[in-house]
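J.: The following block contains the structure, expressed as structure tokens.
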Amino acid sequence: MTVTACGNDASTGAAESPAGPAIAGVTITKDAALHAALPEEIRKAGAVRVATDVPYAPFEMFVAEGKPELTGLDYDLGQALAAKLGVRFVFTPQKFDGIVPAIQAGKFDAAMSAMTDNKERQAVVDFVDYSVSGSGIMVVKGNPAKITTLDDLCGKKTAVQAATNQLDLLTEHQAKCKAAGKPEIEIQTFPKDSDAQLALRSDKVVAQVQTKPAAGWTAKTADNGNAFEVVDDPAAAGGYGASPNGIAVSKKLPQLSDAIQKALQALIDDGTVTKIFDKYGVASIAVKEATKNAAVD
């Protein structure tokens with residue numbers, strides 16, 4: 001299944017205007033110089049092949065259950081970048097742990113999937129960073145297990161999506177549990193974030209660890225805000241291990257990452273990025289400057 005961004009197709013969620021599509025209430029116009037700077041193969045194809053793991057709210061979601069059309073922060077940002085660059089962004093759902101290998105294999109040109117920029121991934125892909133956020137803990141409404149920090153997860157069943165930075169966070173915290181004389185966290189991994197959420201909803205785990213923006217969005221929207229809540233640890237206001245998140249781009253296409261970086265900066269400067277992030281209630285994680293490979297450790 002693929003979903004194309006930019007254009008007059010109903011699946012894009014963007015209203016076409018003479019100047020370009022309107023995204024989050026902003027009309028985007030093509031930058032001819034940025035289009036010309038794209039790799040020749042991208043210009044000839046008229047499209048960037050983008051991998052994304054769906055659903056992972058608020059970054060990528062289906063418009064409606066059982067329908068292929070996409071929405072979400074990454075999707076809207078992809079639409080805006082596509083319009084600015086004068087090409088289409090063709091989104092294809094892909095399991096998260098298979099995204100980077102698929103880019104390496106040439107199946108995709110890029111990925112927009114709330115992916116954490118880290119040195120390990122930088123070895124095989126380049127990142128254009130657009131947000132900075134950390135991990136958060138989500139519990140059922142009322143927090144019956146009285147979870148307040150990561151330390152409170154020691155000895156407790158905790159859900160997390162496989163192959164994510166959040167899984168690394170929990171794995172690394174096991175040593176602190178041991179040092180405090182507590183049992184290790186009973187980590188339960190799931191292929192999709194939605195599966196982990198289901199485990200929390202059905203009381204199979206006491207908490208779920210995910211990016212803090214995703215936790216906040218889920219807590220705000222699930223059952224009209226009555227299903228879950230986010231644990232706010234004062235020692236980690238922005239989330240644990242806050243780090244840059246970026247658009248992963250094939251190292252074989254340095255011109256593409258350069259063009260995306262410049263297009264993103266233009267969208268930051270004209271206020272489009274702020275409007276897109278505001279739409280999903282996560283304006284605080286948006287960067288003020290588009291950087292490449294910002295992670296340093």
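Ordering of the structure tokens sets the chain letters (A, B, ...); residue numbers start at 1 within each chain; ligands are numbered from 1 in the order shown.
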Give me every strand (DSSP E or B) residue in region 138-254 of chain A, going by DSSP on the backbone, as a ChimeraX atom specification.
T.: /A:138-140,157-161,186-190,207-211,228-231,240-250
J.: Can you pull out the residues contacting Ala37 (chain A)? Cut-off 9 Å, using only C-alpha atoms, and skip same-chain residues under 6 positions away; I want them as a PyMOL selection string.
T.: chain A and resi 255-256+258-259
J.: Let's have the selection written as an mmCIF file, in the first residue's frame, with N, CA, C and O atoms.
T.:
```cif
data_model
loop_
_atom_site.group_PDB
_atom_site.id
_atom_site.type_symbol
_atom_site.label_atom_id
_atom_site.label_comp_id
_atom_site.auth_asym_id
_atom_site.auth_seq_id
_atom_site.Cartn_x
_atom_site.Cartn_y
_atom_site.Cartn_z
ATOM 1 N N GLN A 255 22.332 14.776 -2.066
ATOM 2 C CA GLN A 255 21.630 15.950 -2.593
ATOM 3 C C GLN A 255 20.203 16.014 -2.064
ATOM 4 O O GLN A 255 19.660 17.104 -1.846
ATOM 5 N N LEU A 256 19.593 14.848 -1.854
ATOM 6 C CA LEU A 256 18.226 14.815 -1.336
ATOM 7 C C LEU A 256 18.193 15.304 0.107
ATOM 8 O O LEU A 256 17.328 16.106 0.471
ATOM 9 N N ASP A 258 20.288 17.293 1.535
ATOM 10 C CA ASP A 258 20.567 18.727 1.518
ATOM 11 C C ASP A 258 19.320 19.525 1.144
ATOM 12 O O ASP A 258 19.007 20.549 1.765
ATOM 13 N N ALA A 259 18.600 19.055 0.125
ATOM 14 C CA ALA A 259 17.395 19.752 -0.339
ATOM 15 C C ALA A 259 16.300 19.710 0.716
ATOM 16 O O ALA A 259 15.599 20.711 0.940
#
```
J.: Using backbone DSSP assignments, extract all helix (DSSP H, G or I) residues from region 166-223 of chain A; output them as a PyMOL selection string.
T.: chain A and resi 166-179+193-201+212-223
J.: For region 93-192 of chain A against region 289-297 of chain A, with a cut-off of 7 Å and counting only C-alpha atoms, what is the closest atom pair and its distance in Å to one decimal for every residue that makes the cut, ordered by chain and number, as CSV?
T.:
```
residue,atom,partner,partner_atom,distance
A:Asp117,CA,A:Ala295,CA,5.8
A:Asn118,CA,A:Ala295,CA,5.3
A:Lys119,CA,A:Asp297,CA,5.8
A:Gln122,CA,A:Asn293,CA,6.8
A:Asp126,CA,A:Asn293,CA,6.3
A:Phe127,CA,A:Asn293,CA,5.0
A:Val128,CA,A:Lys292,CA,4.6
A:Asp129,CA,A:Thr291,CA,5.4
A:Tyr130,CA,A:Ala290,CA,6.1
```
J.: Restricting it to all heavy atoms, dump the selection as a PDB file, in the first residue's frame.
T.:
```pdb
ATOM      1  N   ASP A 117      17.340  10.120  15.897  1.00  0.00           N
ATOM      2  CA  ASP A 117      18.656  10.279  15.279  1.00  0.00           C
ATOM      3  C   ASP A 117      19.701   9.856  16.302  1.00  0.00           C
ATOM      4  O   ASP A 117      19.813  10.454  17.366  1.00  0.00           O
ATOM      5  CB  ASP A 117      18.832  11.749  14.879  1.00  0.00           C
ATOM      6  CG  ASP A 117      20.235  12.090  14.376  1.00  0.00           C
ATOM      7  OD1 ASP A 117      21.101  11.195  14.338  1.00  0.00           O
ATOM      8  OD2 ASP A 117      20.453  13.268  14.032  1.00  0.00           O
ATOM      9  N   ASN A 118      20.457   8.792  15.999  1.00  0.00           N
ATOM     10  CA  ASN A 118      21.550   8.390  16.878  1.00  0.00           C
ATOM     11  C   ASN A 118      22.766   7.997  16.047  1.00  0.00           C
ATOM     12  O   ASN A 118      22.677   7.819  14.831  1.00  0.00           O
ATOM     13  CB  ASN A 118      21.125   7.272  17.835  1.00  0.00           C
ATOM     14  CG  ASN A 118      20.662   6.009  17.132  1.00  0.00           C
ATOM     15  OD1 ASN A 118      21.201   5.623  16.100  1.00  0.00           O
ATOM     16  ND2 ASN A 118      19.662   5.353  17.697  1.00  0.00           N
ATOM     17  N   LYS A 119      23.902   7.887  16.710  1.00  0.00           N
ATOM     18  CA  LYS A 119      25.158   7.630  15.994  1.00  0.00           C
ATOM     19  C   LYS A 119      25.140   6.284  15.282  1.00  0.00           C
ATOM     20  O   LYS A 119      25.704   6.139  14.194  1.00  0.00           O
ATOM     21  CB  LYS A 119      26.348   7.690  16.967  1.00  0.00           C
ATOM     22  CG  LYS A 119      26.576   9.071  17.586  1.00  0.00           C
ATOM     23  CD  LYS A 119      26.838  10.144  16.548  1.00  0.00           C
ATOM     24  CE  LYS A 119      28.195  10.010  15.891  1.00  0.00           C
ATOM     25  NZ  LYS A 119      28.489  11.125  14.959  1.00  0.00           N
ATOM     26  N   GLN A 122      23.236   6.784  12.173  1.00  0.00           N
ATOM     27  CA  GLN A 122      23.967   7.696  11.286  1.00  0.00           C
ATOM     28  C   GLN A 122      25.022   6.973  10.457  1.00  0.00           C
ATOM     29  O   GLN A 122      25.435   7.463   9.410  1.00  0.00           O
ATOM     30  CB  GLN A 122      24.646   8.800  12.095  1.00  0.00           C
ATOM     31  CG  GLN A 122      23.720   9.895  12.588  1.00  0.00           C
ATOM     32  CD  GLN A 122      24.451  10.928  13.431  1.00  0.00           C
ATOM     33  OE1 GLN A 122      25.681  11.038  13.366  1.00  0.00           O
ATOM     34  NE2 GLN A 122      23.718  11.684  14.227  1.00  0.00           N
ATOM     35  N   ASP A 126      21.521   9.208   6.689  1.00  0.00           N
ATOM     36  CA  ASP A 126      21.680  10.585   7.150  1.00  0.00           C
ATOM     37  C   ASP A 126      20.343  11.080   7.689  1.00  0.00           C
ATOM     38  O   ASP A 126      19.280  10.655   7.226  1.00  0.00           O
ATOM     39  CB  ASP A 126      22.133  11.496   6.005  1.00  0.00           C
ATOM     40  CG  ASP A 126      23.595  11.287   5.648  1.00  0.00           C
ATOM     41  OD1 ASP A 126      24.408  11.105   6.574  1.00  0.00           O
ATOM     42  OD2 ASP A 126      23.925  11.295   4.443  1.00  0.00           O
ATOM     43  N   PHE A 127      20.402  11.984   8.662  1.00  0.00           N
ATOM     44  CA  PHE A 127      19.185  12.525   9.255  1.00  0.00           C
ATOM     45  C   PHE A 127      19.067  14.021   9.009  1.00  0.00           C
ATOM     46  O   PHE A 127      20.055  14.755   9.110  1.00  0.00           O
ATOM     47  CB  PHE A 127      19.166  12.292  10.770  1.00  0.00           C
ATOM     48  CG  PHE A 127      18.848  10.885  11.173  1.00  0.00           C
ATOM     49  CD1 PHE A 127      19.867   9.981  11.447  1.00  0.00           C
ATOM     50  CD2 PHE A 127      17.535  10.454  11.268  1.00  0.00           C
ATOM     51  CE1 PHE A 127      19.584   8.681  11.816  1.00  0.00           C
ATOM     52  CE2 PHE A 127      17.234   9.153  11.635  1.00  0.00           C
ATOM     53  CZ  PHE A 127      18.260   8.263  11.910  1.00  0.00           C
ATOM     54  N   VAL A 128      17.859  14.465   8.700  1.00  0.00           N
ATOM     55  CA  VAL A 128      17.507  15.875   8.728  1.00  0.00           C
ATOM     56  C   VAL A 128      16.578  16.010   9.927  1.00  0.00           C
ATOM     57  O   VAL A 128      15.462  15.488   9.931  1.00  0.00           O
ATOM     58  CB  VAL A 128      16.800  16.328   7.441  1.00  0.00           C
ATOM     59  CG1 VAL A 128      16.396  17.799   7.562  1.00  0.00           C
ATOM     60  CG2 VAL A 128      17.701  16.119   6.227  1.00  0.00           C
ATOM     61  N   ASP A 129      17.049  16.674  10.975  1.00  0.00           N
ATOM     62  CA  ASP A 129      16.335  16.678  12.251  1.00  0.00           C
ATOM     63  C   ASP A 129      15.273  17.773  12.321  1.00  0.00           C
ATOM     64  O   ASP A 129      15.525  18.923  11.961  1.00  0.00           O
ATOM     65  CB  ASP A 129      17.340  16.850  13.387  1.00  0.00           C
ATOM     66  CG  ASP A 129      18.364  15.713  13.380  1.00  0.00           C
ATOM     67  OD1 ASP A 129      17.961  14.558  13.546  1.00  0.00           O
ATOM     68  OD2 ASP A 129      19.560  16.007  13.171  1.00  0.00           O
ATOM     69  N   TYR A 130      14.083  17.393  12.802  1.00  0.00           N
ATOM     70  CA  TYR A 130      12.964  18.331  12.849  1.00  0.00           C
ATOM     71  C   TYR A 130      12.309  18.458  14.223  1.00  0.00           C
ATOM     72  O   TYR A 130      11.447  19.314  14.423  1.00  0.00           O
ATOM     73  CB  TYR A 130      11.907  17.948  11.812  1.00  0.00           C
ATOM     74  CG  TYR A 130      11.308  16.567  12.001  1.00  0.00           C
ATOM     75  CD1 TYR A 130      10.136  16.394  12.728  1.00  0.00           C
ATOM     76  CD2 TYR A 130      11.896  15.447  11.425  1.00  0.00           C
ATOM     77  CE1 TYR A 130       9.569  15.139  12.899  1.00  0.00           C
ATOM     78  CE2 TYR A 130      11.350  14.188  11.584  1.00  0.00           C
ATOM     79  CZ  TYR A 130      10.188  14.039  12.312  1.00  0.00           C
ATOM     80  OH  TYR A 130       9.642  12.780  12.483  1.00  0.00           O
TER      81      TYR A 130
END
```
J.: Ser113 (chain A): which residues within 10 Å, counting only C-alpha atoms, same-chain residues fewer than 2 positions away excluded, as a PDB file with N, CA, C and O atoms, in the first residue's frame?
T.:
```pdb
ATOM      1  N   VAL A  50       9.009   7.117   0.565  1.00  0.00           N
ATOM      2  CA  VAL A  50       9.141   7.332   2.008  1.00  0.00           C
ATOM      3  C   VAL A  50       8.535   6.165   2.791  1.00  0.00           C
ATOM      4  O   VAL A  50       7.364   5.821   2.616  1.00  0.00           O
ATOM      5  N   ALA A  51       9.336   5.574   3.674  1.00  0.00           N
ATOM      6  CA  ALA A  51       8.848   4.515   4.552  1.00  0.00           C
ATOM      7  C   ALA A  51       8.299   5.131   5.834  1.00  0.00           C
ATOM      8  O   ALA A  51       8.816   6.131   6.329  1.00  0.00           O
ATOM      9  N   THR A  52       7.246   4.516   6.379  1.00  0.00           N
ATOM     10  CA  THR A  52       6.674   4.994   7.625  1.00  0.00           C
ATOM     11  C   THR A  52       6.003   3.836   8.346  1.00  0.00           C
ATOM     12  O   THR A  52       5.434   2.945   7.712  1.00  0.00           O
ATOM     13  N   ASP A  53       6.095   3.813   9.670  1.00  0.00           N
ATOM     14  CA  ASP A  53       5.464   2.768  10.460  1.00  0.00           C
ATOM     15  C   ASP A  53       4.145   3.298  10.996  1.00  0.00           C
ATOM     16  O   ASP A  53       4.126   4.262  11.766  1.00  0.00           O
ATOM     17  N   VAL A  54       3.042   2.680  10.592  1.00  0.00           N
ATOM     18  CA  VAL A  54       1.708   3.161  10.948  1.00  0.00           C
ATOM     19  C   VAL A  54       0.965   2.082  11.742  1.00  0.00           C
ATOM     20  O   VAL A  54       1.000   0.914  11.368  1.00  0.00           O
ATOM     21  N   PRO A  55       0.252   2.446  12.836  1.00  0.00           N
ATOM     22  CA  PRO A  55       0.103   3.784  13.393  1.00  0.00           C
ATOM     23  C   PRO A  55       1.117   4.059  14.494  1.00  0.00           C
ATOM     24  O   PRO A  55       1.569   3.148  15.170  1.00  0.00           O
ATOM     25  N   TYR A  56       1.455   5.323  14.674  1.00  0.00           N
ATOM     26  CA  TYR A  56       2.271   5.786  15.784  1.00  0.00           C
ATOM     27  C   TYR A  56       1.914   7.248  16.029  1.00  0.00           C
ATOM     28  O   TYR A  56       2.627   8.169  15.629  1.00  0.00           O
ATOM     29  N   PHE A  59       2.396  11.022  15.101  1.00  0.00           N
ATOM     30  CA  PHE A  59       3.275  11.185  13.944  1.00  0.00           C
ATOM     31  C   PHE A  59       2.718  10.554  12.673  1.00  0.00           C
ATOM     32  O   PHE A  59       2.803  11.131  11.600  1.00  0.00           O
ATOM     33  N   GLU A  60       2.189   9.341  12.778  1.00  0.00           N
ATOM     34  CA  GLU A  60       1.590   8.702  11.611  1.00  0.00           C
ATOM     35  C   GLU A  60       0.369   7.903  12.047  1.00  0.00           C
ATOM     36  O   GLU A  60       0.438   7.109  12.976  1.00  0.00           O
ATOM     37  N   LEU A  73       1.488  14.030  12.029  1.00  0.00           N
ATOM     38  CA  LEU A  73       2.510  15.072  11.942  1.00  0.00           C
ATOM     39  C   LEU A  73       3.520  14.789  10.838  1.00  0.00           C
ATOM     40  O   LEU A  73       3.818  15.666  10.021  1.00  0.00           O
ATOM     41  N   ASP A  74       4.074  13.579  10.806  1.00  0.00           N
ATOM     42  CA  ASP A  74       5.062  13.253   9.775  1.00  0.00           C
ATOM     43  C   ASP A  74       4.450  13.329   8.388  1.00  0.00           C
ATOM     44  O   ASP A  74       5.086  13.799   7.436  1.00  0.00           O
ATOM     45  N   TYR A  75       3.222  12.852   8.255  1.00  0.00           N
ATOM     46  CA  TYR A  75       2.568  12.869   6.946  1.00  0.00           C
ATOM     47  C   TYR A  75       2.328  14.301   6.469  1.00  0.00           C
ATOM     48  O   TYR A  75       2.617  14.652   5.322  1.00  0.00           O
ATOM     49  N   PRO A  93       3.698   2.071   4.243  1.00  0.00           N
ATOM     50  CA  PRO A  93       3.844   1.480   5.579  1.00  0.00           C
ATOM     51  C   PRO A  93       4.890   0.372   5.586  1.00  0.00           C
ATOM     52  O   PRO A  93       4.960  -0.448   4.665  1.00  0.00           O
ATOM     53  N   GLN A  94       5.700   0.376   6.629  1.00  0.00           N
ATOM     54  CA  GLN A  94       6.791  -0.593   6.776  1.00  0.00           C
ATOM     55  C   GLN A  94       7.017  -0.794   8.267  1.00  0.00           C
ATOM     56  O   GLN A  94       7.023   0.169   9.027  1.00  0.00           O
ATOM     57  N   PHE A  96       8.712  -0.938  11.708  1.00  0.00           N
ATOM     58  CA  PHE A  96       9.780  -0.026  12.123  1.00  0.00           C
ATOM     59  C   PHE A  96      11.163  -0.655  12.040  1.00  0.00           C
ATOM     60  O   PHE A  96      12.109  -0.035  11.547  1.00  0.00           O
ATOM     61  N   ILE A  99      12.770  -0.608   8.542  1.00  0.00           N
ATOM     62  CA  ILE A  99      12.871   0.624   7.767  1.00  0.00           C
ATOM     63  C   ILE A  99      14.294   0.918   7.314  1.00  0.00           C
ATOM     64  O   ILE A  99      14.551   1.124   6.111  1.00  0.00           O
ATOM     65  N   ALA A 110      13.875   7.531   1.681  1.00  0.00           N
ATOM     66  CA  ALA A 110      13.859   8.198   2.987  1.00  0.00           C
ATOM     67  C   ALA A 110      12.818   7.554   3.886  1.00  0.00           C
ATOM     68  O   ALA A 110      12.042   6.698   3.453  1.00  0.00           O
ATOM     69  N   ALA A 111      12.800   7.993   5.145  1.00  0.00           N
ATOM     70  CA  ALA A 111      11.790   7.536   6.098  1.00  0.00           C
ATOM     71  C   ALA A 111      11.353   8.696   6.962  1.00  0.00           C
ATOM     72  O   ALA A 111      12.177   9.504   7.389  1.00  0.00           O
ATOM     73  N   MET A 115      11.608   8.845  13.915  1.00  0.00           N
ATOM     74  CA  MET A 115      12.818   8.064  14.159  1.00  0.00           C
ATOM     75  C   MET A 115      13.864   8.879  14.913  1.00  0.00           C
ATOM     76  O   MET A 115      14.193  10.008  14.546  1.00  0.00           O
ATOM     77  N   THR A 116      14.391   8.293  15.976  1.00  0.00           N
ATOM     78  CA  THR A 116      15.431   8.946  16.757  1.00  0.00           C
ATOM     79  C   THR A 116      16.738   8.961  15.970  1.00  0.00           C
ATOM     80  O   THR A 116      17.179   7.941  15.451  1.00  0.00           O
ATOM     81  N   ASN A 245      14.949  13.910  16.665  1.00  0.00           N
ATOM     82  CA  ASN A 245      14.260  12.990  15.766  1.00  0.00           C
ATOM     83  C   ASN A 245      14.404  13.540  14.356  1.00  0.00           C
ATOM     84  O   ASN A 245      14.357  14.762  14.149  1.00  0.00           O
ATOM     85  N   GLY A 246      14.590  12.648  13.396  1.00  0.00           N
ATOM     86  CA  GLY A 246      14.835  13.160  12.064  1.00  0.00           C
ATOM     87  C   GLY A 246      14.236  12.350  10.934  1.00  0.00           C
ATOM     88  O   GLY A 246      13.744  11.232  11.117  1.00  0.00           O
ATOM     89  N   ILE A 247      14.287  12.954   9.770  1.00  0.00           N
ATOM     90  CA  ILE A 247      13.938  12.275   8.525  1.00  0.00           C
ATOM     91  C   ILE A 247      15.183  11.508   8.099  1.00  0.00           C
ATOM     92  O   ILE A 247      16.240  12.110   7.886  1.00  0.00           O
ATOM     93  N   ALA A 248      15.080  10.198   8.014  1.00  0.00           N
ATOM     94  CA  ALA A 248      16.223   9.380   7.602  1.00  0.00           C
ATOM     95  C   ALA A 248      16.297   9.373   6.079  1.00  0.00           C
ATOM     96  O   ALA A 248      15.295   9.139   5.408  1.00  0.00           O
TER      97      ALA A 248
END
```
